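Asks: This is the structure I have questions about; it appears just below.
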Protein chains: 2
Amino acid sequence: MEMPVPNPAILARKEAIIAKLRGCVPTDALIWDEMETRAYECDALTAYRCAPLAVVLPATTEEVSAVLKVCHAEGVPVVPRGSGTSLAGGALPTADSVVIGVSRMNAVLETDYDNRIIRVQTGRTNLSVTGAVEQDDFFYAPDPSSQLACAIAGNIAMNSGGAHCLKYGVTTNNLMGVTMVMMDGTVFEIGGAHLDAAGLDLLGVICGSEGQLGVVTEATLRILHKPEGARPVLMGFDSNEVAGECVSDIIKAGVLPVAIEFMDRPCIEACEAFAKAGYPMCEALLIVEVEGSEAEIAEQLALITDIAKRHNPVELREAKDADEAGRIWLGRKSAFGAMGQINDYMCLDGTIPVSSLPFVLRRIGEMSKEYGLDVANVFHAGDGNMHPLILFNANKPGDLELCEAFGADILKLCVEVGGCLTGEHGVGIEKRDLMAHQYRPEDLEVQMAVKDVFDPAWLLNPAKVFPLAASEGRRVVQVAAE
Amino acid sequence: MEMPVPNPAILARKEAIIAKLRGCVPTDALIWDEMETRAYECDALTAYRCAPLAVVLPATTEEVSAVLKVCHAEGVPVVPRGSGTSLAGGALPTADSVVIGVSRMNAVLETDYDNRIIRVQTGRTNLSVTGAVEQDDFFYAPDPSSQLACAIAGNIAMNSGGAHCLKYGVTTNNLMGVTMVMMDGTVFEIGGAHLDAAGLDLLGVICGSEGQLGVVTEATLRILHKPEGARPVLMGFDSNEVAGECVSDIIKAGVLPVAIEFMDRPCIEACEAFAKAGYPMCEALLIVEVEGSEAEIAEQLALITDIAKRHNPVELREAKDADEAGRIWLGRKSAFGAMGQINDYMCLDGTIPVSSLPFVLRRIGEMSKEYGLDVANVFHAGDGNMHPLILFNANKPGDLELCEAFGADILKLCVEVGGCLTGEHGVGIEKRDLMAHQYRPEDLEVQMAVKDVFDPAWLLNPAKVFPLAASEGRRVVQVAAE
């Protein structure tokens, strides 16, 4: 993946820039030693690495503002970083950039049950937001697989979803307000403990903007009351297409499970070998979870199993207790770990209309044969968010490139059936060249013009989201005045 | 309310402009006779009127594009119009503008139960979207009071809500994609039958943009399966504050009714006189509706009535059948008509954090005495969307101005407690000057810079949303080349 040439004027001024940053944050919050900046050279897309000029770990919005003012004045690119769990390279530094890591900003600022909100600093991890309110039977709904580690900052940047977003929506549906620092250091407040806002929906455009518009330091999140209970049912089918049709029929019937998870045979085999969850060996498994009161659960499951039976399932297993429920989820939740143990893999993230599932799965199978690379499919089927895992051998020359070409073809297929390039991982560097497949030049021009408004010199999170030539063409390279 | 001075160059060229528009739409879809354009001189904010230069009623996206190309080339302002039900003057023309009315664009383009979506032309009325799918037990959730008349185009422009948005969200939560024509005639597709999108969330920024960014001609809307049943409960309290606390407690308990509607004494009296719904005479009434299976309804109502009982209700009436349910809703649904029969009124629309309800209601009561104007409160309490109705006498000189000043003070109060100027009616011309109370100049500058991207010459829906001096200052007045 091509990265921009670092600005030599910035590299030459490293010491002067560090001296100015030293005035912004405590000594232990500034890292510029080349060995130490290595810890920030990549995120979860580990195929691409580049150590930054420096890393700052501010503790407050004011410190973030001070750092951005310095970088703005010096013309230094800035890479905002949550917990570094991006699978799309959303936090990959450039050699001339300052990384702003929010990991020290993890405080709960306010818990307000009257308004069903919590206000946190954005370095707080997703799961620990729920941790702060679960003693009062509340929870924060979006649940990315990485929820133990990933930060709210990254969730907002990528508009993250998770297994339960079929019912509860993704981050944008659970975000009420943000404090954001613009590239010039200006602090903005958008939204708050109320719905909607006057004028243009800037909160919406900021959520999912991948650190291109500002650094979000605080967030007001909607919290929900925990459901009384939840129960999954496991269904096995003898083809991907039939499982896909079953998903379509459940959605069409208007039931709203909290989750519909899909695993195909390669994934089932890997999970079973790894987690021994007792999955049946078949072509496709669905885990459908519903929640509510006992009566409601029973009623929804009856409807769902009726639909499943019409598709001749080879297995239909309803969890009778918490233990059985745990076993049903065990395999799915360890899917990524299981795949990682047997193979190198690339995890894709594309979204398609639910009705296209059977067709897209069949085409992925055909392409898998053409490329000679296996694919395991595990994904949020209910809302059409696919996560095909392409298996490859990182030690075999050319395999990564082949895998990337295959991945690009899968994502183009998603766009062709009326879907899009990304569901929850974002574009990052991974998919920036594919943006030209989803959008016409004039569409991209509008998006880039909106970025111009927030970050006229294009200093924020360089080389991401837009095709490299386009974003580099817009970047204003400043010559230091000294 | 001050309106911009019409551009004399446009008025002088009226015939030439009409001639060009004649090439864009059939003869009967173009109105320029001064008597006939009168029908479009205002929307539901009837205090302000101005007939436009011409009105076009296109039937297709292509016709809209052709009209916009002509207006763009001629530098003629364009006012997009749904059904004209805006209470904020969102469709008020200027004398030099062309109104694009979407009323002929009311077709259903696609119904897709697999993906739970419907695609319609945006002139279709809100209620007739549900009408197109209800035979299959589906419905479209957002339900503004004007749903019989209002168009999807206006719902998107204002991000409309309704009584049931507490559970189902507002328009932005139910909008999956749009076809939008930019001011220069370019046709854009954004979103579709899938969740999320790559890059910036332009769909979010378009929803609620009040016709400032483009003309939305087609929309992909999420449809939901009808709940099995629904049942309201009526609660009466002897003070607004206690009713407000009861609302807070229901929200805090984490129950999610589909609707929590609030009426105060002046409103109860007017509704009772008009609709004879059998409401008790007390200080405040709540209508709380829950839905689901019988078991779920019973369980939720038990929890809600328990909470209500802790606040010493003077009345607690659960609907036993459809007939009783109908009577409970009858008064609320005729509230606006009832108020209109006894008084002139101005209907406000502000949003506050739910926990501030008791305080805000008390302050409105105090201000009512100071201004000497009665206020009736009827609103969606569950999500903090208030609709105070200020009663005045349109025939009494000075009363309208006094009413407007009072209204502005109420909306400023909403902003002060952490809420905002508008929940679902939009800013329009009504609240444009108040934007300076919600936003700092630099916040407004960012919003206006985003509009610059979509409509550089500021021809779309002039004199709305932003303070007049600011938006007129940005407008590029073109001198005709002839």
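Please note that chains go A, B, ... in the order of the structure tokens, that every chain numbers its residues from 1, and that ligands are numbered from 1 in the order shown.
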When the cut-off is 7 Å and we count only C-alpha atoms, which residues of chain B are near chain A, given as a PyMOL selection string?

Replies: chain B and resi 113-116+192-194+196-202+204-205+208-209+224-225+248-249+251-252+254+295-296+351-355+418-423+426-427+446-447+449-450+453+465

Asks: Run DSSP on the backbone and give me the residues of segment 154-339 of chain B it puts in helix (DSSP H, G or I), as a count of residues only.

Replies: 74

Asks: Run DSSP on the backbone of this structure and report the residues of segment 251-415 of chain A it assigns to strand (DSSP E), as a PyMOL selection string.

Replies: chain A and resi 259-264+284-292+315-318+344-347+350-351+375-380+385-386+388-392

Asks: At a cut-off of 7 Å, using only C-alpha atoms, what residues contact segment 396-407 of chain B? Leave out same-chain residues fewer than 5 positions from it and give the result as a list in words.

Replies: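 My reading of the contact set: Leu348, Tyr371 and Ile390 of chain B.
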
Asks: Would you put the residues from that selection into a file with N, CA and C atoms, as an mmCIF file, in the first residue's frame?

Replies:
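Output saved as selection_27.cif:
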data_model
loop_
_atom_site.group_PDB
_atom_site.id
_atom_site.type_symbol
_atom_site.label_atom_id
_atom_site.label_comp_id
_atom_site.auth_asym_id
_atom_site.auth_seq_id
_atom_site.Cartn_x
_atom_site.Cartn_y
_atom_site.Cartn_z
ATOM 1 N N LEU B 348 -45.027 25.952 19.056
ATOM 2 C CA LEU B 348 -43.569 25.914 19.146
ATOM 3 C C LEU B 348 -43.070 24.476 19.090
ATOM 4 N N TYR B 371 -45.916 37.545 30.342
ATOM 5 C CA TYR B 371 -46.326 38.027 29.017
ATOM 6 C C TYR B 371 -47.834 38.251 28.910
ATOM 7 N N ILE B 390 -48.799 28.780 22.181
ATOM 8 C CA ILE B 390 -49.067 30.084 22.790
ATOM 9 C C ILE B 390 -50.340 30.639 22.158
#

Asks: What is the atom CA of Ile100 of chain A to atom CA of Val476 of chain A distance in Å?

Replies: 20.5 Å

Asks: Considering only C-alpha atoms, return as a JSON list (two decimals) with N, CA and C atoms, in the first residue's frame whatever protein or nucleic-acid residues lie within 8 Å of Ile268 of chain B, sequence-local ones (same chain, fewer than 5 positions apart) excluded.

Replies:
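Written file, part38.json:
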[["chain", "number", "residue", "atom", "x", "y", "z"],
["B", 263, "MET", "N", -50.29, 16.40, 28.25],
["B", 263, "MET", "CA", -51.20, 17.54, 28.03],
["B", 263, "MET", "C", -51.37, 18.26, 29.35],
["B", 279, "TYR", "N", -61.99, 13.00, 29.38],
["B", 279, "TYR", "CA", -60.77, 13.24, 30.16],
["B", 279, "TYR", "C", -61.15, 13.82, 31.52],
["B", 281, "MET", "N", -60.74, 16.36, 34.64],
["B", 281, "MET", "CA", -60.23, 17.73, 34.73],
["B", 281, "MET", "C", -59.14, 17.77, 35.79],
["B", 282, "CYS", "N", -57.90, 17.83, 35.37],
["B", 282, "CYS", "CA", -56.80, 17.88, 36.33],
["B", 282, "CYS", "C", -55.70, 18.73, 35.72],
["B", 284, "ALA", "N", -52.54, 17.85, 34.74],
["B", 284, "ALA", "CA", -51.70, 17.25, 33.70],
["B", 284, "ALA", "C", -52.13, 15.83, 33.40],
["B", 285, "LEU", "N", -52.19, 15.50, 32.13],
["B", 285, "LEU", "CA", -52.52, 14.13, 31.70],
["B", 285, "LEU", "C", -51.33, 13.54, 30.95],
["B", 331, "GLY", "N", -58.84, 12.63, 22.29],
["B", 331, "GLY", "CA", -58.58, 14.00, 22.71],
["B", 331, "GLY", "C", -57.23, 14.48, 22.24]]

Asks: Skipping near chain neighbours, those fewer than 6 positions away, what residues fall within 10 Å of Ala469 of chain A using only C-alpha atoms, listed as number ranges by chain?

Replies: A: 4, 433, 463

Asks: Can you list, as a VMD selection string, every protein, DNA or RNA residue that comes within 9 Å of Val216 of chain A when you count only C-alpha atoms, leaving out same-chain residues fewer than 2 positions away?

Replies: chain A and resid 61 80 121 to 122 153 156 to 157 178 to 182 206 211 214 218 to 219

Asks: Which one of A:Pro462, A:Gly177, A:Pro467, A:Pro358 sits closest to Val5 of chain A if you count only C-alpha atoms?

Replies: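 Distance minimum relative to Val5 of chain A lands on A:Pro462.
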